[in-house]
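Trainee: Dropping in work.cif, with mmCIF, C-alpha atoms.
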```
data_protein
#
loop_
_atom_site.label_atom_id
_atom_site.label_comp_id
_atom_site.auth_asym_id
_atom_site.auth_seq_id
_atom_site.Cartn_x
_atom_site.Cartn_y
_atom_site.Cartn_z
CA MET P 1 39.59 46.14 171.18
CA GLU P 2 39.02 44.88 167.65
CA TYR P 3 41.92 42.44 168.12
CA ILE P 4 40.44 40.94 171.29
CA ASN P 5 37.08 40.64 169.60
CA ILE P 6 38.56 38.73 166.66
CA PHE P 7 40.52 36.51 169.03
CA VAL P 8 37.55 35.58 171.23
CA LYS P 9 35.33 35.08 168.21
CA SER P 10 37.78 32.71 166.52
CA VAL P 11 38.41 30.71 169.71
CA PHE P 12 34.81 30.20 170.84
CA VAL P 13 32.19 31.29 168.35
CA GLU P 14 33.91 30.23 165.15
CA ASN P 15 35.97 27.41 166.57
CA MET P 16 37.87 25.63 163.80
CA VAL P 17 36.83 22.17 164.94
CA PHE P 18 33.30 22.64 166.25
CA ALA P 19 31.95 25.19 163.80
CA PHE P 20 33.88 24.36 160.61
CA PHE P 21 35.16 20.78 161.13
CA LEU P 22 38.67 21.75 160.10
CA GLY P 23 41.60 19.57 161.08
CA MET P 24 39.31 16.70 162.02
CA CYS P 25 41.66 14.01 160.72
CA SER P 26 44.52 14.68 163.09
CA TYR P 27 42.01 15.76 165.76
CA LEU P 28 40.58 12.23 165.81
CA ALA P 29 43.82 10.36 165.18
CA VAL P 30 46.07 12.04 167.76
CA SER P 31 43.63 12.55 170.63
CA LYS P 32 44.21 9.33 172.53
CA SER P 33 46.38 10.91 175.24
CA VAL P 34 46.48 14.46 176.61
CA LYS P 35 50.26 14.68 176.37
CA THR P 36 50.58 14.08 172.64
CA ALA P 37 47.47 16.16 172.01
CA THR P 38 49.08 19.11 173.79
CA GLY P 39 52.24 18.74 171.69
CA LEU P 40 50.33 18.71 168.43
CA GLY P 41 48.11 21.57 169.56
CA LEU P 42 51.10 23.78 170.37
CA ALA P 43 52.71 22.92 167.02
CA VAL P 44 49.51 23.94 165.23
CA ILE P 45 49.36 27.29 167.06
CA PHE P 46 52.97 27.94 166.09
CA VAL P 47 52.63 27.04 162.41
CA GLN P 48 49.37 29.00 162.18
CA LEU P 49 51.06 32.07 163.72
CA VAL P 50 53.89 31.91 161.18
CA THR P 51 52.05 31.01 157.98
CA LEU P 52 48.90 33.09 158.28
CA PRO P 53 50.62 36.53 158.44
CA ILE P 54 52.90 35.51 155.53
CA ASN P 55 49.90 34.45 153.48
CA TYR P 56 48.14 37.67 154.47
CA LEU P 57 51.00 39.76 153.10
CA LEU P 58 51.17 37.65 149.93
CA ASN P 59 47.44 38.04 149.43
CA GLU P 60 47.53 41.78 150.08
CA TYR P 61 50.52 42.61 147.86
CA LEU P 62 50.44 39.90 145.21
CA LEU P 63 47.25 37.91 144.79
CA ALA P 64 44.15 39.98 145.55
CA PRO P 65 42.45 41.85 142.69
CA GLY P 66 44.43 45.03 142.05
CA ALA P 67 47.08 44.10 144.62
CA LEU P 68 49.93 44.58 142.19
CA ALA P 69 49.24 48.31 141.88
CA TRP P 70 52.13 49.11 144.23
CA ILE P 71 54.63 48.02 141.56
CA ASN P 72 53.12 49.97 138.74
CA PRO P 73 49.63 51.56 138.47
CA GLU P 74 49.19 49.74 135.16
CA TYR P 75 48.96 46.42 136.96
CA ALA P 76 45.92 47.53 138.98
CA SER P 77 43.59 45.58 136.70
CA LEU P 78 45.32 42.24 137.28
CA ASP P 79 43.68 39.58 139.44
CA LEU P 80 45.87 36.66 140.45
CA SER P 81 43.53 35.27 143.10
CA PHE P 82 43.08 31.99 141.19
CA LEU P 83 46.70 31.25 142.14
CA SER P 84 46.03 31.59 145.86
CA TYR P 85 45.53 27.86 146.59
CA ILE P 86 48.85 26.90 145.10
CA VAL P 87 50.70 29.81 146.72
CA PHE P 88 49.16 29.25 150.16
CA ILE P 89 49.80 25.53 150.22
CA ALA P 90 53.36 25.99 148.95
CA VAL P 91 54.05 28.52 151.73
CA ILE P 92 52.54 26.19 154.35
CA ALA P 93 54.38 23.09 153.14
CA SER P 94 57.72 24.85 152.89
CA ILE P 95 57.36 26.54 156.30
CA VAL P 96 56.52 23.20 157.86
CA GLN P 97 59.55 21.64 156.20
CA ILE P 98 61.82 24.49 157.39
CA VAL P 99 60.43 24.31 160.93
CA GLU P 100 61.03 20.57 160.89
CA MET P 101 64.66 21.00 159.82
CA VAL P 102 65.34 23.81 162.34
CA VAL P 103 63.81 21.87 165.22
CA GLU P 104 65.75 18.76 164.22
CA LYS P 105 69.01 20.72 164.20
CA PHE P 106 68.63 22.76 167.38
CA SER P 107 66.40 20.74 169.69
CA PRO P 108 66.55 16.98 169.16
CA THR P 109 64.43 16.34 172.28
CA LEU P 110 61.60 18.52 171.00
CA TYR P 111 62.04 16.92 167.59
CA SER P 112 61.68 13.41 168.91
CA SER P 113 58.51 14.34 170.80
CA LEU P 114 56.99 16.34 167.93
CA GLY P 115 58.72 14.59 165.03
CA ILE P 116 55.83 12.60 163.64
CA PHE P 117 53.33 15.44 163.98
CA LEU P 118 55.24 18.09 162.10
CA PRO P 119 54.73 16.65 158.60
CA LEU P 120 51.09 16.01 159.53
CA ILE P 121 50.55 19.70 160.08
CA ALA P 122 51.19 20.50 156.41
CA VAL P 123 47.99 18.65 155.54
CA ASN P 124 46.03 19.85 158.57
CA CYS P 125 43.03 21.59 157.06
CA ALA P 126 42.88 24.03 159.97
CA ILE P 127 46.06 25.69 158.68
CA LEU P 128 45.04 26.05 155.05
CA GLY P 129 41.47 26.77 156.17
CA GLY P 130 42.74 29.65 158.30
CA SER P 131 44.47 31.20 155.30
CA LEU P 132 41.42 30.75 153.08
CA PHE P 133 39.07 32.26 155.69
CA MET P 134 41.51 35.15 156.08
CA GLN P 135 41.26 35.76 152.33
CA GLU P 136 37.47 35.40 152.26
CA ARG P 137 36.81 37.69 155.24
CA GLY P 138 39.32 40.36 154.20
CA TYR P 139 40.92 41.42 157.49
CA ALA P 140 41.85 45.09 157.56
CA ASN P 141 45.50 44.88 158.61
CA LEU P 142 48.31 42.57 159.62
CA GLY P 143 47.42 42.86 163.33
CA GLU P 144 43.89 41.59 162.76
CA ALA P 145 45.17 38.71 160.64
CA THR P 146 47.69 37.77 163.34
CA SER P 147 45.11 37.82 166.10
CA PHE P 148 42.86 35.64 163.95
CA ALA P 149 45.83 33.29 163.44
CA PHE P 150 46.43 33.03 167.18
CA GLY P 151 42.73 32.65 167.94
CA SER P 152 42.08 29.92 165.41
CA GLY P 153 45.19 28.00 166.45
CA PHE P 154 44.29 28.35 170.12
CA GLY P 155 40.72 27.22 169.48
CA TRP P 156 42.03 24.10 167.79
CA PHE P 157 44.40 23.51 170.73
CA ILE P 158 41.55 23.75 173.25
CA ALA P 159 39.41 21.37 171.21
CA ILE P 160 42.03 18.63 170.86
CA VAL P 161 43.11 18.80 174.52
CA ALA P 162 39.49 18.64 175.67
CA ILE P 163 38.61 15.60 173.56
CA ALA P 164 41.84 13.87 174.60
CA ALA P 165 40.97 14.37 178.26
CA ILE P 166 37.47 12.98 177.70
CA ARG P 167 38.81 9.99 175.77
CA GLU P 168 41.25 9.16 178.57
CA LYS P 169 38.29 9.00 180.99
CA LEU P 170 36.20 7.04 178.48
CA ALA P 171 38.48 4.08 179.04
CA TYR P 172 36.57 3.42 182.26
CA SER P 173 33.08 3.64 180.85
CA ASN P 174 30.93 0.95 179.35
CA VAL P 175 30.34 1.97 175.74
CA PRO P 176 28.41 -0.37 173.37
CA LYS P 177 30.95 -2.44 171.47
CA PRO P 178 30.40 -1.21 167.91
CA LEU P 179 30.47 2.37 169.15
CA LYS P 180 33.81 2.06 170.95
CA GLY P 181 36.70 4.24 169.82
CA LEU P 182 35.84 6.13 166.68
CA GLY P 183 32.05 6.19 166.87
CA ILE P 184 31.79 7.56 170.39
CA SER P 185 34.50 10.17 169.62
CA PHE P 186 32.37 11.52 166.79
CA ILE P 187 29.27 11.71 168.97
CA ILE P 188 31.15 13.40 171.82
CA THR P 189 32.60 15.94 169.39
CA GLY P 190 29.07 16.64 168.21
CA LEU P 191 27.87 17.20 171.78
CA MET P 192 30.86 19.48 172.46
CA GLY P 193 29.95 21.38 169.31
CA ILE P 194 26.43 21.91 170.63
CA ALA P 195 27.92 23.17 173.90
CA PHE P 196 30.19 25.58 172.01
CA MET P 197 27.17 26.93 170.16
CA SER P 198 26.11 28.62 173.37
CA PHE P 199 28.88 31.16 172.71
CA MET P 200 27.09 32.26 169.56
CA GLY P 201 26.45 35.96 169.21
CA ILE P 202 29.03 37.04 171.80
CA ASN P 203 30.51 40.37 170.84
CA LEU P 204 33.12 42.21 172.87
CA MET R 1 44.28 -6.19 138.56
CA ASP R 2 43.42 -7.03 142.11
CA LYS R 3 39.69 -6.73 142.73
CA LYS R 4 40.34 -5.40 146.21
CA ILE R 5 41.59 -2.13 144.74
CA TYR R 6 38.15 -1.06 143.65
CA LYS R 7 36.03 -3.06 146.09
CA ASN R 8 37.54 -2.28 149.48
CA PRO R 9 37.07 1.51 149.52
CA PHE R 10 33.29 1.12 149.62
CA PHE R 11 32.85 -0.87 152.84
CA LYS R 12 35.82 -2.73 154.26
CA ALA R 13 38.24 0.20 154.02
CA ASN R 14 35.90 3.12 153.53
CA PRO R 15 37.91 6.35 153.75
CA ILE R 16 35.54 8.08 156.17
CA THR R 17 34.08 5.42 158.43
CA VAL R 18 37.07 3.08 158.68
CA LEU R 19 40.25 4.97 157.78
CA VAL R 20 38.97 8.31 159.17
CA LEU R 21 40.39 10.28 156.28
CA GLY R 22 38.86 13.41 154.83
CA VAL R 23 36.31 13.94 157.54
CA CYS R 24 36.88 17.69 157.59
CA SER R 25 35.10 18.53 154.39
CA ALA R 26 32.67 15.63 154.59
CA LEU R 27 30.68 17.24 157.36
CA ALA R 28 30.57 20.85 156.31
CA VAL R 29 29.11 20.35 152.83
CA THR R 30 26.33 17.93 153.70
CA VAL R 31 23.47 20.31 154.51
CA GLN R 32 22.11 19.81 151.00
CA LEU R 33 22.35 16.89 148.58
CA LYS R 34 23.38 19.08 145.66
CA GLY R 35 26.46 20.45 147.39
CA ALA R 36 27.38 16.98 148.66
CA ILE R 37 27.22 15.45 145.17
CA VAL R 38 29.29 18.23 143.62
CA MET R 39 31.83 17.84 146.41
CA ALA R 40 31.91 14.05 145.99
CA LEU R 41 32.51 14.34 142.24
CA SER R 42 35.25 16.95 142.73
CA VAL R 43 37.07 14.84 145.29
CA THR R 44 36.78 11.72 143.10
CA VAL R 45 38.27 13.50 140.10
CA VAL R 46 41.07 15.11 142.10
CA THR R 47 41.98 11.90 143.96
CA GLY R 48 42.01 9.81 140.78
CA PHE R 49 44.03 12.11 138.60
CA SER R 50 46.51 13.31 141.18
CA SER R 51 47.19 9.70 142.19
CA MET R 52 47.83 8.89 138.53
CA LEU R 53 50.11 11.87 137.98
CA VAL R 54 52.13 11.22 141.14
CA SER R 55 52.43 7.57 140.15
CA LEU R 56 53.74 8.57 136.71
CA ILE R 57 56.59 10.61 138.16
CA ARG R 58 57.04 8.57 141.36
CA ASN R 59 60.55 7.41 140.49
CA SER R 60 61.94 10.89 140.00
CA ILE R 61 60.55 12.57 143.16
CA PRO R 62 63.24 13.12 145.82
CA ASN R 63 61.99 11.68 149.08
CA ARG R 64 62.80 14.74 151.20
CA VAL R 65 60.58 17.17 149.30
CA ARG R 66 57.86 14.80 148.15
CA ILE R 67 55.12 16.33 150.31
CA ILE R 68 55.51 19.73 148.67
CA ILE R 69 55.52 18.20 145.18
CA GLN R 70 52.41 16.14 145.95
CA LEU R 71 50.62 19.15 147.38
CA VAL R 72 51.42 21.24 144.32
CA ILE R 73 50.09 18.52 142.01
CA VAL R 74 46.90 18.23 144.05
CA ALA R 75 46.53 22.02 144.15
CA LEU R 76 46.79 22.11 140.36
CA PHE R 77 43.78 19.83 139.94
CA VAL R 78 41.83 21.65 142.65
CA ILE R 79 42.37 24.97 140.86
CA LEU R 80 41.04 23.41 137.64
CA ILE R 81 37.92 22.15 139.45
CA ASP R 82 37.44 25.47 141.24
CA GLN R 83 37.63 27.50 138.02
CA PHE R 84 35.31 25.02 136.30
CA LEU R 85 32.70 25.30 139.07
CA LYS R 86 32.96 29.09 139.12
CA ALA R 87 32.28 29.13 135.39
CA TYR R 88 29.48 26.56 135.13
CA ALA R 89 27.90 26.21 138.60
CA TYR R 90 28.45 29.52 140.34
CA ASP R 91 25.79 29.13 143.04
CA VAL R 92 27.13 25.74 144.16
CA SER R 93 30.66 27.14 144.14
CA LYS R 94 29.52 30.00 146.42
CA GLN R 95 27.76 27.55 148.74
CA LEU R 96 30.86 25.35 149.08
CA SER R 97 33.06 28.45 149.63
CA VAL R 98 36.44 27.54 151.13
CA TYR R 99 35.73 23.81 151.17
CA ILE R 100 36.63 23.43 147.50
CA GLY R 101 40.06 24.88 148.28
CA LEU R 102 40.30 22.57 151.25
CA ILE R 103 40.18 19.53 148.96
CA ILE R 104 43.94 20.15 148.71
CA THR R 105 44.42 19.16 152.32
CA ASN R 106 41.77 16.45 152.21
CA CYS R 107 43.58 13.59 153.87
CA ILE R 108 42.09 10.99 151.48
CA ILE R 109 44.11 12.37 148.61
CA MET R 110 47.43 12.61 150.43
CA GLY R 111 46.69 9.31 152.16
CA ARG R 112 46.11 7.46 148.90
CA ILE R 113 49.14 9.06 147.26
CA GLU R 114 51.39 8.15 150.17
CA ALA R 115 49.95 4.68 150.71
CA PHE R 116 49.28 3.58 147.16
CA ALA R 117 50.37 5.80 144.27
CA LEU R 118 54.00 6.06 145.38
CA GLY R 119 54.46 2.32 145.04
CA ASN R 120 52.20 1.33 142.16
CA LYS R 121 51.77 1.75 138.42
CA PRO R 122 49.67 4.65 137.05
CA PHE R 123 46.56 2.71 136.01
CA PRO R 124 45.95 0.89 139.33
CA SER R 125 46.63 4.22 141.07
CA LEU R 126 43.95 5.92 138.98
CA VAL R 127 41.44 3.18 139.80
CA ASP R 128 42.38 3.25 143.48
CA GLY R 129 41.98 7.03 143.60
CA LEU R 130 38.61 6.98 141.84
CA ALA R 131 37.29 4.15 144.03
CA ASN R 132 38.32 5.92 147.21
CA GLY R 133 36.74 9.14 146.00
CA MET R 134 33.51 7.25 145.35
CA GLY R 135 33.59 5.52 148.73
CA TYR R 136 33.92 8.96 150.29
CA GLY R 137 31.13 10.32 148.07
CA MET R 138 28.82 7.50 149.10
CA VAL R 139 29.03 8.39 152.79
CA LEU R 140 28.63 12.07 151.92
CA VAL R 141 25.43 11.39 149.99
CA VAL R 142 23.97 9.30 152.82
CA ILE R 143 24.64 12.06 155.37
CA ALA R 144 23.32 14.77 153.07
CA PHE R 145 20.18 12.71 152.35
CA ILE R 146 19.38 12.43 156.06
CA ARG R 147 20.21 16.06 156.80
CA GLU R 148 18.30 17.58 153.90
CA LEU R 149 15.23 15.35 154.31
CA PHE R 150 14.82 15.88 158.04
CA GLY R 151 16.29 19.36 158.23
CA SER R 152 14.47 21.10 155.42
CA GLY R 153 11.95 18.52 154.22
CA THR R 154 13.41 18.65 150.71
CA LEU R 155 15.66 16.59 148.43
CA PHE R 156 17.67 18.40 145.74
CA GLY R 157 15.63 21.47 146.73
CA LEU R 158 12.30 19.79 145.87
CA GLN R 159 9.67 19.56 148.61
CA ILE R 160 9.29 15.94 149.73
CA ILE R 161 7.31 16.28 152.95
CA PRO R 162 3.80 17.46 151.90
CA GLN R 163 3.10 21.09 152.75
CA SER R 164 -0.19 20.13 154.40
CA TRP R 165 1.69 18.14 157.07
CA TYR R 166 3.31 21.23 158.54
CA MET R 167 2.07 22.83 161.75
CA ALA R 168 1.70 26.16 159.95
CA ASN R 169 -0.86 24.57 157.64
CA GLY R 170 -2.70 22.80 160.42
CA GLY R 171 -0.73 19.54 160.25
CA PHE R 172 1.42 17.74 162.81
CA TYR R 173 4.94 17.96 161.38
CA GLU R 174 7.83 20.35 161.97
CA ASN R 175 11.32 20.33 160.42
CA ASN R 176 14.08 19.36 162.82
CA GLY R 177 16.21 22.51 162.97
CA LEU R 178 18.99 20.72 164.86
CA VAL R 179 19.83 18.50 161.89
CA ILE R 180 20.96 21.49 159.83
CA LEU R 181 23.37 22.70 162.51
CA PRO R 182 27.03 21.58 162.23
CA PRO R 183 27.26 19.35 165.35
CA MET R 184 24.47 17.08 164.15
CA ALA R 185 26.61 16.01 161.16
CA LEU R 186 29.15 14.56 163.58
CA ILE R 187 26.47 12.67 165.47
CA ILE R 188 25.06 11.24 162.22
CA VAL R 189 28.55 10.03 161.19
CA GLY R 190 28.94 8.49 164.64
CA CYS R 191 25.68 6.59 164.13
CA ILE R 192 26.70 5.44 160.64
CA ILE R 193 29.93 4.06 162.09
CA TRP R 194 27.92 2.40 164.84
CA ALA R 195 25.66 0.71 162.30
CA GLN R 196 28.54 -0.42 160.11
CA ARG R 197 30.51 -1.88 163.00
CA ALA R 198 27.49 -3.68 164.35
CA VAL R 199 27.42 -5.58 161.04
CA GLN R 200 31.17 -5.89 160.38
CA LYS R 201 32.35 -7.10 163.77
CA GLU R 202 36.00 -7.34 162.73
CA LEU R 203 36.17 -3.52 162.65
CA GLN R 204 35.27 -3.10 166.32
CA GLU R 205 37.95 -1.57 168.53
CA GLU R 206 39.09 -2.99 171.83
CA GLN R 207 39.35 0.39 173.46
#
```
Transcribe the structure of this file into structure tokens.
Mentor:
Amino acid sequence: MEYINIFVKSVFVENMVFAFFLGMCSYLAVSKSVKTATGLGLAVIFVQLVTLPINYLLNEYLLAPGALAWINPEYASLDLSFLSYIVFIAVIASIVQIVEMVVEKFSPTLYSSLGIFLPLIAVNCAILGGSLFMQERGYANLGEATSFAFGSGFGWFIAIVAIAAIREKLAYSNVPKPLKGLGISFIITGLMGIAFMSFMGINL
Amino acid sequence: MDKKIYKNPFFKANPITVLVLGVCSALAVTVQLKGAIVMALSVTVVTGFSSMLVSLIRNSIPNRVRIIIQLVIVALFVILIDQFLKAYAYDVSKQLSVYIGLIITNCIIMGRIEAFALGNKPFPSLVDGLANGMGYGMVLVVIAFIRELFGSGTLFGLQIIPQSWYMANGGFYENNGLVILPPMALIIVGCIIWAQRAVQKELQEEQ
């Protein structure tokens, strides 16, 4: 039950885009058509699902205050958490690079459709943000961290597909000239954020 | 040195309103002016110095792994800033929470490194980084000014709207609670872009 609760909360209540503005850059840049948006969204879910549990284990057994106690009780006083940024981003960047190489080797068709997005994901704040929130909130076990990973990735996926669909329809509407493109996308995202706020306080 | 390097980032090629880089953190830290200014300074320092460092070693970075190397360099400066803030401005550091760490993935920094520092000498790269950081900071301060003034009636935590104006004290005024909420930041940025493009017509998009 706890897992479902974390999942629903991270998809709707604490949506990465609407509540925390994470991953806005690629959210705005790659949302011109639903097809590419879906591709990027799926890639984000995948990378989030791989990197967040790894970072959780690293945090639990290496970085958090007293985490090194499992090697030797003497190390219980050590606190390596100041290293977490560099460790997290190194894990994310190397996983993205590995995923890119594997996809390139085994599925050239998927690579050519995802190719440009994969390197982008390394600097997608939603990924690093997920790891940092995981550290700040202190999930109890690997299962909770994984369900948060899936939820936050899925929430980002929903957000980018929704805005892409709206922007495709926007082509037929008469928007004031200076507002066209970027400006109206910001305002629509804001309105969607207000809509998502109605999920606030939901607890399963 | 070309004047464009330090002039463009403010209006013509502003990182947030024109290039759409680094929007993520720009919106979350703008509830109060203090947080916004600290964030703007941190980003300026990190962008400037990581651009310079990458530019210094640009000829010896293998192309295939350059993203990881750049990220590690950026992370190094962000850790320095984070530790500095924790030591000297703990309350601001708590307020900014994960967004300081997220400077690492702030697209402005990677964008400037990729687009400028990899192909230019260290000093122009430093200037370019600092100017882009300041262009980003400028937008941040404008948003934070609007949000703090209308959302809480204060600036830098000091009361600006007179207490006697408030409904509770028999006046006519009430703070706009919506401005503090996250979605309003997006709408304010949208309006800033609207205003800028109404003046600079060459930036308008066809679609």
Trainee: Which of these, R:Met39, R:Leu33, R:Val54, R:Cys24, has the shortest distance to R:Leu186 once you count only C-alpha atoms?
Mentor: R:Cys24
Trainee: Expressed in Å to a single decimal, how great is the separation between atom CA of R:Pro62 and atom CA of P:Leu49?
Mentor: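 These atoms are spaced 28.8 Å apart.
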Trainee: Would you translate the PyMOL selection byres ((chain R and resi 193) around 8) into the concrete set of residues it matches in this file, as a list in words?
Mentor: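 Those residues are Pro178, Leu179, Leu182 and Gly183 of chain P; Thr17, Val18, Val189, Gly190, Cys191, Ile192, Trp194, Ala195, Gln196 and Arg197 of chain R.
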Trainee: Which is closest to chain P among R:Val141, R:Val78, R:Ile180, R:Ile5, if we use all atoms listed in the file?
Mentor: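 Comparing R:Val141, R:Val78, R:Ile180, R:Ile5 against chain P, the winner is R:Val78.
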Trainee: Please write the residues picked by the PyMOL selection byres ((chain R and resi 38) around 10) on this file as a PyMOL selection string.
Mentor: chain R and resi 29+33-37+39-44+85+89+92-93+96+100+137
Trainee: Give me the residues near P:Ser10 as a PDB file with C-alpha atoms, keeping the file's coordinate frame, where near means some atom within 7 Å (using all atoms listed in the file) and where sequence neighbours in that chain fewer than 4 positions away do not count.
Mentor:
```
ATOM      1  CA  ILE P   6      38.560  38.730 166.660  1.00  0.00           C
ATOM      2  CA  GLU P  14      33.910  30.230 165.150  1.00  0.00           C
ATOM      3  CA  ASN P  15      35.970  27.410 166.570  1.00  0.00           C
ATOM      4  CA  PHE P 148      42.860  35.640 163.950  1.00  0.00           C
ATOM      5  CA  GLY P 151      42.730  32.650 167.940  1.00  0.00           C
ATOM      6  CA  SER P 152      42.080  29.920 165.410  1.00  0.00           C
ATOM      7  CA  GLY P 155      40.720  27.220 169.480  1.00  0.00           C
TER       8      GLY P 155
END
```
